[in-house]
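So this one's entry04.txt, compact mmCIF, C-alpha atoms and all ligand atoms:
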# COMPACT_ATOMS: atom_id res chain seq x y z
CA MET A 1 -3.90 22.37 56.47
CA LYS A 2 -4.96 19.21 54.74
CA LEU A 3 -2.59 17.43 52.36
CA ALA A 4 -3.30 14.36 50.26
CA VAL A 5 -0.55 12.27 48.67
CA SER A 6 -1.38 10.34 45.52
CA GLY A 7 0.24 8.90 42.41
CA LYS A 8 0.74 5.74 40.43
CA GLY A 9 1.34 2.46 42.27
CA GLY A 10 4.79 2.09 43.82
CA VAL A 11 6.06 5.62 43.11
CA GLY A 12 6.69 6.34 46.80
CA LYS A 13 3.42 7.85 48.10
CA THR A 14 3.60 6.09 51.46
CA THR A 15 7.32 6.81 51.89
CA ILE A 16 6.85 10.52 51.22
CA ALA A 17 3.61 10.79 53.21
CA ALA A 18 5.36 9.19 56.21
CA ALA A 19 8.35 11.53 55.92
CA LEU A 20 5.95 14.49 55.81
CA VAL A 21 4.10 13.19 58.88
CA LYS A 22 7.38 12.92 60.82
CA SER A 23 8.51 16.32 59.66
CA PHE A 24 5.27 18.16 60.50
CA ALA A 25 5.09 16.35 63.85
CA ARG A 26 8.31 18.10 64.85
CA THR A 27 6.98 21.58 64.21
CA HIS A 28 3.20 21.39 64.53
CA ARG A 29 0.94 20.75 67.49
CA LEU A 30 -0.96 17.82 66.02
CA VAL A 31 -0.60 15.73 62.88
CA CYS A 32 -3.39 13.47 61.77
CA ALA A 33 -1.99 10.72 59.53
CA ILE A 34 -4.70 9.02 57.53
CA ASP A 35 -4.21 5.86 55.59
CA GLY A 36 -6.71 6.17 52.79
CA ASP A 37 -5.21 3.22 50.94
CA PRO A 38 -7.29 0.05 51.39
CA ASP A 39 -4.01 -1.83 51.05
CA ALA A 40 -2.72 -0.08 54.14
CA CYS A 41 0.94 0.41 55.08
CA LEU A 42 1.38 3.98 56.27
CA ALA A 43 1.39 2.82 59.92
CA ALA A 44 4.62 0.88 59.55
CA ALA A 45 6.26 3.75 57.69
CA ILE A 46 5.62 6.15 60.58
CA GLY A 47 6.82 3.65 63.15
CA ILE A 48 3.62 2.06 64.46
CA PRO A 49 4.31 -1.66 65.01
CA GLY A 50 2.35 -3.97 62.72
CA ALA A 51 0.63 -5.77 65.60
CA VAL A 52 -0.64 -2.47 67.04
CA ALA A 53 -1.85 -1.19 63.67
CA ALA A 54 -3.59 -4.50 62.96
CA ARG A 55 -5.84 -3.98 66.00
CA LEU A 56 -7.04 -0.62 64.69
CA LYS A 57 -10.40 -0.93 63.03
CA PRO A 58 -10.68 1.03 59.78
CA ALA A 59 -13.23 3.84 60.01
CA ALA A 60 -15.37 2.34 57.24
CA GLU A 61 -15.79 -0.80 59.35
CA MET A 62 -16.96 0.90 62.54
CA LYS A 63 -20.43 -0.45 61.86
CA GLU A 64 -22.08 0.28 65.20
CA LEU A 65 -20.64 3.76 65.35
CA ILE A 66 -21.70 4.50 61.79
CA ARG A 67 -25.23 3.26 62.54
CA ALA A 68 -25.42 5.16 65.79
CA ARG A 69 -24.15 8.39 64.29
CA SER A 70 -26.07 8.28 61.05
CA GLY A 71 -29.44 7.77 62.63
CA GLY A 72 -29.84 4.00 62.64
CA GLY A 73 -33.03 3.67 60.59
CA PRO A 74 -33.48 3.32 56.85
CA ILE A 75 -33.16 7.08 56.46
CA TYR A 76 -29.78 8.33 57.56
CA LEU A 77 -28.37 11.70 58.51
CA LEU A 78 -26.31 13.45 55.89
CA ASN A 79 -24.29 15.17 58.59
CA PRO A 80 -23.37 12.55 61.19
CA ARG A 81 -21.48 13.79 64.27
CA VAL A 82 -17.85 12.73 63.97
CA ASP A 83 -15.91 15.30 65.97
CA ASP A 84 -14.81 12.78 68.61
CA VAL A 85 -13.79 9.96 66.25
CA VAL A 86 -10.15 11.01 66.02
CA GLU A 87 -9.76 11.45 69.78
CA ASN A 88 -11.50 8.16 70.62
CA HIS A 89 -10.57 5.88 67.77
CA ALA A 90 -7.22 6.96 66.35
CA LEU A 91 -3.90 5.41 67.41
CA ARG A 92 -1.65 7.84 69.26
CA LEU A 93 2.04 8.19 68.69
CA GLY A 94 3.21 11.36 70.47
CA ASN A 95 1.40 14.21 68.71
CA ILE A 96 0.52 11.98 65.75
CA ARG A 97 -2.97 10.51 65.44
CA PHE A 98 -3.27 7.63 63.04
CA LEU A 99 -6.49 6.55 61.40
CA ARG A 100 -7.28 4.06 58.66
CA LEU A 101 -10.20 4.84 56.41
CA GLY A 102 -10.57 1.32 55.06
CA GLU A 103 -12.64 0.30 52.11
CA VAL A 104 -16.30 0.92 51.57
CA LYS A 105 -17.68 -2.32 50.19
CA LYS A 106 -19.86 -1.60 47.22
CA GLY A 107 -21.99 -4.75 47.45
CA ASN A 108 -24.79 -3.33 49.55
CA SER A 109 -25.91 0.03 48.26
CA GLU A 110 -27.69 1.15 51.44
CA CYS A 111 -24.57 0.47 53.53
CA TYR A 112 -22.36 1.95 50.86
CA CYS A 113 -24.08 5.34 51.01
CA ARG A 114 -24.20 5.36 54.78
CA GLU A 115 -20.51 4.49 55.16
CA ASN A 116 -19.47 6.92 52.49
CA THR A 117 -21.42 9.70 54.14
CA PHE A 118 -19.72 8.88 57.42
CA LEU A 119 -16.23 8.87 55.86
CA ARG A 120 -16.90 12.12 54.08
CA ALA A 121 -18.09 13.74 57.29
CA LEU A 122 -15.06 12.34 59.09
CA VAL A 123 -12.52 13.54 56.55
CA SER A 124 -14.07 16.97 56.14
CA ALA A 125 -14.51 17.53 59.89
CA LEU A 126 -10.94 16.62 60.80
CA LEU A 127 -9.42 19.23 63.12
CA LEU A 128 -7.89 22.14 61.29
CA ASP A 129 -7.03 24.63 63.92
CA GLN A 130 -3.86 26.57 63.33
CA GLY A 131 -0.94 24.27 64.01
CA GLU A 132 -2.81 21.14 62.97
CA VAL A 133 -2.09 19.20 59.83
CA VAL A 134 -3.82 16.30 58.14
CA ILE A 135 -1.77 14.11 55.81
CA MET A 136 -3.61 11.48 53.84
CA ASP A 137 -1.94 8.65 51.95
CA MET A 138 -4.30 7.87 49.09
CA GLY A 139 -4.33 4.55 47.31
CA ALA A 140 -2.61 3.99 43.99
CA GLY A 141 -4.21 5.48 40.89
CA ILE A 142 -7.33 7.54 41.05
CA GLU A 143 -10.18 5.23 41.90
CA HIS A 144 -10.00 6.04 45.62
CA LEU A 145 -10.27 9.72 44.94
CA THR A 146 -13.87 10.58 45.66
CA ARG A 147 -15.75 13.62 46.91
CA GLY A 148 -15.62 12.01 50.30
CA THR A 149 -11.89 11.59 50.59
CA ALA A 150 -11.16 14.83 48.75
CA ALA A 151 -13.30 16.91 51.08
CA GLY A 152 -11.41 20.00 52.15
CA VAL A 153 -8.01 18.98 50.74
CA ASP A 154 -5.89 22.14 50.41
CA LEU A 155 -3.06 20.61 48.44
CA MET A 156 -2.94 17.41 46.45
CA LEU A 157 0.62 16.14 46.15
CA VAL A 158 1.17 13.77 43.25
CA VAL A 159 4.31 11.68 43.46
CA VAL A 160 5.94 10.72 40.17
CA GLU A 161 9.06 8.77 39.32
CA PRO A 162 11.07 9.18 36.13
CA SER A 163 8.61 7.25 33.95
CA LEU A 164 6.04 8.33 31.37
CA ASN A 165 3.41 6.13 33.00
CA SER A 166 3.65 7.82 36.36
CA ILE A 167 3.54 11.23 34.68
CA ASN A 168 0.42 10.27 32.72
CA THR A 169 -1.21 9.12 35.95
CA ALA A 170 -0.26 12.46 37.51
CA ARG A 171 -2.04 14.27 34.67
CA HIS A 172 -5.21 12.21 35.26
CA ILE A 173 -5.05 12.92 38.95
CA ARG A 174 -4.60 16.65 38.39
CA LYS A 175 -7.70 16.70 36.17
CA MET A 176 -9.74 14.68 38.60
CA ALA A 177 -8.60 16.76 41.56
CA GLU A 178 -9.76 19.87 39.72
CA GLU A 179 -13.14 18.30 39.07
CA LEU A 180 -13.42 17.43 42.75
CA GLY A 181 -12.75 21.03 43.68
CA ILE A 182 -9.30 20.52 45.22
CA LYS A 183 -7.68 23.92 45.35
CA LYS A 184 -4.15 23.06 44.33
CA THR A 185 -2.22 20.11 42.91
CA MET A 186 1.57 19.84 42.80
CA SER A 187 3.87 17.01 41.80
CA ILE A 188 6.97 15.65 43.52
CA GLY A 189 9.63 13.89 41.44
CA ASN A 190 10.82 10.91 43.48
CA LYS A 191 13.63 8.31 43.16
CA ILE A 192 15.81 10.65 41.11
CA ARG A 193 19.20 9.14 40.28
CA SER A 194 20.60 11.47 37.65
CA GLU A 195 20.41 14.93 36.17
CA ARG A 196 18.77 13.38 33.12
CA GLU A 197 15.92 11.99 35.23
CA ARG A 198 15.48 15.31 37.00
CA LYS A 199 15.31 17.10 33.65
CA PHE A 200 12.86 14.56 32.24
CA ILE A 201 10.45 15.25 35.08
CA ALA A 202 11.00 19.01 35.09
CA GLU A 203 10.16 19.15 31.38
CA SER A 204 7.00 17.11 31.88
CA PHE A 205 5.32 19.79 33.96
CA GLN A 206 4.38 23.40 33.47
CA ASN A 207 5.52 26.26 35.62
CA GLY A 208 4.18 26.02 39.12
CA GLU A 209 3.10 22.39 38.82
CA LEU A 210 6.23 20.85 40.34
CA LEU A 211 7.00 21.21 44.03
CA GLY A 212 10.45 19.63 43.92
CA PHE A 213 12.49 16.46 43.94
CA VAL A 214 13.48 13.62 46.22
CA GLY A 215 16.55 11.63 45.28
CA TYR A 216 16.80 7.88 45.10
CA ASP A 217 17.85 6.77 48.59
CA GLU A 218 19.66 3.44 48.64
CA SER A 219 19.14 3.01 52.39
CA ILE A 220 15.35 3.32 52.02
CA TRP A 221 15.32 0.84 49.19
CA GLU A 222 17.35 -1.67 51.19
CA SER A 223 15.22 -1.25 54.29
CA ALA A 224 12.30 -2.73 52.32
CA MET A 225 14.01 -6.11 52.77
CA GLY A 226 13.52 -6.08 56.53
CA GLU A 227 14.66 -4.31 59.67
CA MET A 228 15.37 -0.63 59.19
CA ASP A 229 18.83 0.62 59.93
CA VAL A 230 18.49 3.63 62.30
CA LYS A 231 20.09 5.91 59.77
CA ALA A 232 17.96 4.64 56.89
CA GLY A 233 16.12 7.38 55.10
CA GLU A 234 17.98 10.31 56.67
CA LYS A 235 18.80 11.78 53.28
CA LEU A 236 15.22 11.35 52.10
CA GLN A 237 13.91 12.88 55.32
CA SER A 238 16.01 16.00 54.87
CA GLU A 239 14.87 16.41 51.26
CA VAL A 240 11.24 16.05 52.33
CA GLU A 241 11.97 18.67 55.01
CA ALA A 242 12.85 21.10 52.21
CA LEU A 243 9.61 20.26 50.39
CA LYS A 244 7.68 20.91 53.58
CA LYS A 245 9.13 24.42 53.75
CA LYS A 246 7.91 25.05 50.22
CA ILE A 247 4.46 23.71 51.13
CA LEU A 248 4.26 26.07 54.08
N1 LIG B 1 13.34 8.03 47.19
C1 LIG B 1 13.38 6.70 47.25
N2 LIG B 1 14.56 6.05 47.13
C2 LIG B 1 14.62 4.70 47.19
N3 LIG B 1 13.57 3.91 47.36
C3 LIG B 1 12.36 4.49 47.49
C4 LIG B 1 12.19 5.91 47.45
N4 LIG B 1 10.88 6.18 47.60
C5 LIG B 1 10.25 5.00 47.74
N5 LIG B 1 11.14 3.97 47.68
C6 LIG B 1 10.86 2.54 47.76
O1 LIG B 1 9.96 2.20 46.71
C7 LIG B 1 9.04 1.22 47.17
C8 LIG B 1 7.62 1.76 46.99
O2 LIG B 1 7.46 2.86 47.87
P1 LIG B 1 6.07 3.16 48.57
O3 LIG B 1 5.52 1.96 49.23
O4 LIG B 1 6.24 4.39 49.39
O5 LIG B 1 5.20 3.48 47.27
P2 LIG B 1 3.63 3.68 47.16
O6 LIG B 1 3.43 4.64 46.06
O7 LIG B 1 3.06 4.02 48.48
O8 LIG B 1 3.18 2.22 46.73
P3 LIG B 1 1.69 1.65 46.67
O9 LIG B 1 1.12 2.16 45.39
O10 LIG B 1 1.89 0.19 46.68
O11 LIG B 1 0.97 2.17 47.89
C9 LIG B 1 9.38 0.91 48.61
O12 LIG B 1 10.21 -0.23 48.65
C10 LIG B 1 10.16 2.15 49.06
O13 LIG B 1 11.08 1.84 50.07
MG MG B 2 1.50 3.09 49.57
Kindly return the structure encoded in the file as structure tokens.
Ligand SMILES: Nc1ncnc2c1ncn2[C@@H]1O[C@H](COP(=O)(O)OP(=O)(O)OP(=O)(O)O)[C@@H](O)[C@H]1O
Ligand SMILES: [Mg+2]
Amino acid sequence: MKLAVSGKGGVGKTTIAAALVKSFARTHRLVCAIDGDPDACLAAAIGIPGAVAARLKPAAEMKELIRARSGGGPIYLLNPRVDDVVENHALRLGNIRFLRLGEVKKGNSECYCRENTFLRALVSALLLDQGEVVIMDMGAGIEHLTRGTAAGVDLMLVVVEPSLNSINTARHIRKMAEELGIKKTMSIGNKIRSERERKFIAESFQNGELLGFVGYDESIWESAMGEMDVKAGEKLQSEVEALKKKIL
């Protein structure tokens, strides 16, 4: 199963993606956590130390590998071999594999196509046996959503908070996801502090468009100031656990 998590900037995509990664890692054989946000921070949220994550080269920057796999010359293969990239290049944390996609620089069009083709092949070829899950943290907004990164996504999760702006972004994303051929899109209402906020979000979506809610978690908010308290995020984690059951 391949899940992508998107939404407006700051709504909690990385927080929810990380909680899903941890939750699926407990019940599934292998979880591939992909940071598709050029402004990466999923690693820290799943417990990979910053110094370790910093040494991981984003897939888009694996120049030699991309050249070698896409044929080297001016004409490149549209189907580069990528099956070993996760095993050889991803960071390992128990049964979690972590990969950063990085940013395809648009300056040089020849490189741009080659790198994009590689990323698309990589994302669409990722595992997908029974018991394996891919969770991708997309960047804010919709500009990172391309045919490449959307390849084979089974469910697009769009995180919203109780604000009109984030709900409008969710509508754009839903439309774009449809155009990209993503099978299903569902929203998650995050940072809920009151019944009024819950109702506001519930009324903003049609039947079947809303997966559920995650409450505002003071301990998560405070942990953003520095060291995480061991109990931080326990409430959020258990709410995400319930969402996972619905996803399954
Ligand atoms: N349910 C929640 N309760 C309290 N704080 C939350 C909750 N969800 C997220 N946060 C906090 O909100 C901030 C933004 O969260 P996060 O980084 O996950 O958002 P994002 O959508 O990934 O942002 P970006 O668009 O920058 O990638 C963080 O400080 C995070 O700790
Ligand atoms: Mg983020």
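The nearest approach to ligand LIG 1 (chain B) among the residues A:Thr27, A:Gln206, A:Ser238, A:Ser6, with all atoms listed in the file taken into account, belongs to A:Ser6.
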In Å, how far is it from CA of Ala45 in chain A to CA of Ala18 in chain A?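 So the answer is 5.7 Å.
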Around ligand MG 2 (chain B), which protein and nucleic acid residues have at least one atom no more than 8 Å from it, if we count all atoms listed in the file? List them as number ranges by chain. A: 9-10, 12-15, 37, 39-42, 137-140
Residue nearest ligand LIG 1 (chain B) - candidates A:Ser204, A:Thr169, A:Thr117, A:Thr185, atoms counted: all atoms listed in the file: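 Ranking A:Ser204, A:Thr169, A:Thr117, A:Thr185 by distance to ligand LIG 1 (chain B), first place goes to A:Thr169.
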Which value, in Å to one decimal, gives the distance between CA of Phe213 in chain A and CA of Met136 in chain A? 19.5 Å
Take CA of Asn95 in chain A and CA of Ile220 in chain A and report the distance between them in Å, one decimal.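 Those two atoms sit 24.3 Å apart.
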What lies within 7 Å of Ser219 in chain A using all atoms listed in the file, ignoring chain neighbours under 4 positions off, as a PyMOL selection string? chain A and resi 223+232-233
Quick one: everything within 8 Å of Ala121 in chain A, counting all atoms listed in the file, minus sequence neighbours fewer than 6 positions away in the same chain. Send it as a list in words.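 These residues fall inside the cut-off: Asn79, Pro80, Arg81, Val82 and Gly148 of chain A.
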Taking (6.6, 19.3, 51.6) in the coordinates of the supplied file, I want to know which residues reach to within 9 Å of it, counting all atoms listed in the file; could you give the answer as a VMD selection string? chain A and resid 16 20 23 157 188 211 to 212 239 to 248
Dump C-alpha atoms for the selected residues as a PDB file, keeping the file's coordinate frame?
ATOM      1  CA  ILE A  16       6.850  10.520  51.220  1.00  0.00           C
ATOM      2  CA  LEU A  20       5.950  14.490  55.810  1.00  0.00           C
ATOM      3  CA  SER A  23       8.510  16.320  59.660  1.00  0.00           C
ATOM      4  CA  LEU A 157       0.620  16.140  46.150  1.00  0.00           C
ATOM      5  CA  ILE A 188       6.970  15.650  43.520  1.00  0.00           C
ATOM      6  CA  LEU A 211       7.000  21.210  44.030  1.00  0.00           C
ATOM      7  CA  GLY A 212      10.450  19.630  43.920  1.00  0.00           C
ATOM      8  CA  GLU A 239      14.870  16.410  51.260  1.00  0.00           C
ATOM      9  CA  VAL A 240      11.240  16.050  52.330  1.00  0.00           C
ATOM     10  CA  GLU A 241      11.970  18.670  55.010  1.00  0.00           C
ATOM     11  CA  ALA A 242      12.850  21.100  52.210  1.00  0.00           C
ATOM     12  CA  LEU A 243       9.610  20.260  50.390  1.00  0.00           C
ATOM     13  CA  LYS A 244       7.680  20.910  53.580  1.00  0.00           C
ATOM     14  CA  LYS A 245       9.130  24.420  53.750  1.00  0.00           C
ATOM     15  CA  LYS A 246       7.910  25.050  50.220  1.00  0.00           C
ATOM     16  CA  ILE A 247       4.460  23.710  51.130  1.00  0.00           C
ATOM     17  CA  LEU A 248       4.260  26.070  54.080  1.00  0.00           C
TER      18      LEU A 248
END
Could you check which of A:Trp221, A:Phe118, A:Phe200, A:Phe24 is closest to ligand LIG 1 (chain B), using all atoms listed in the file? A:Trp221
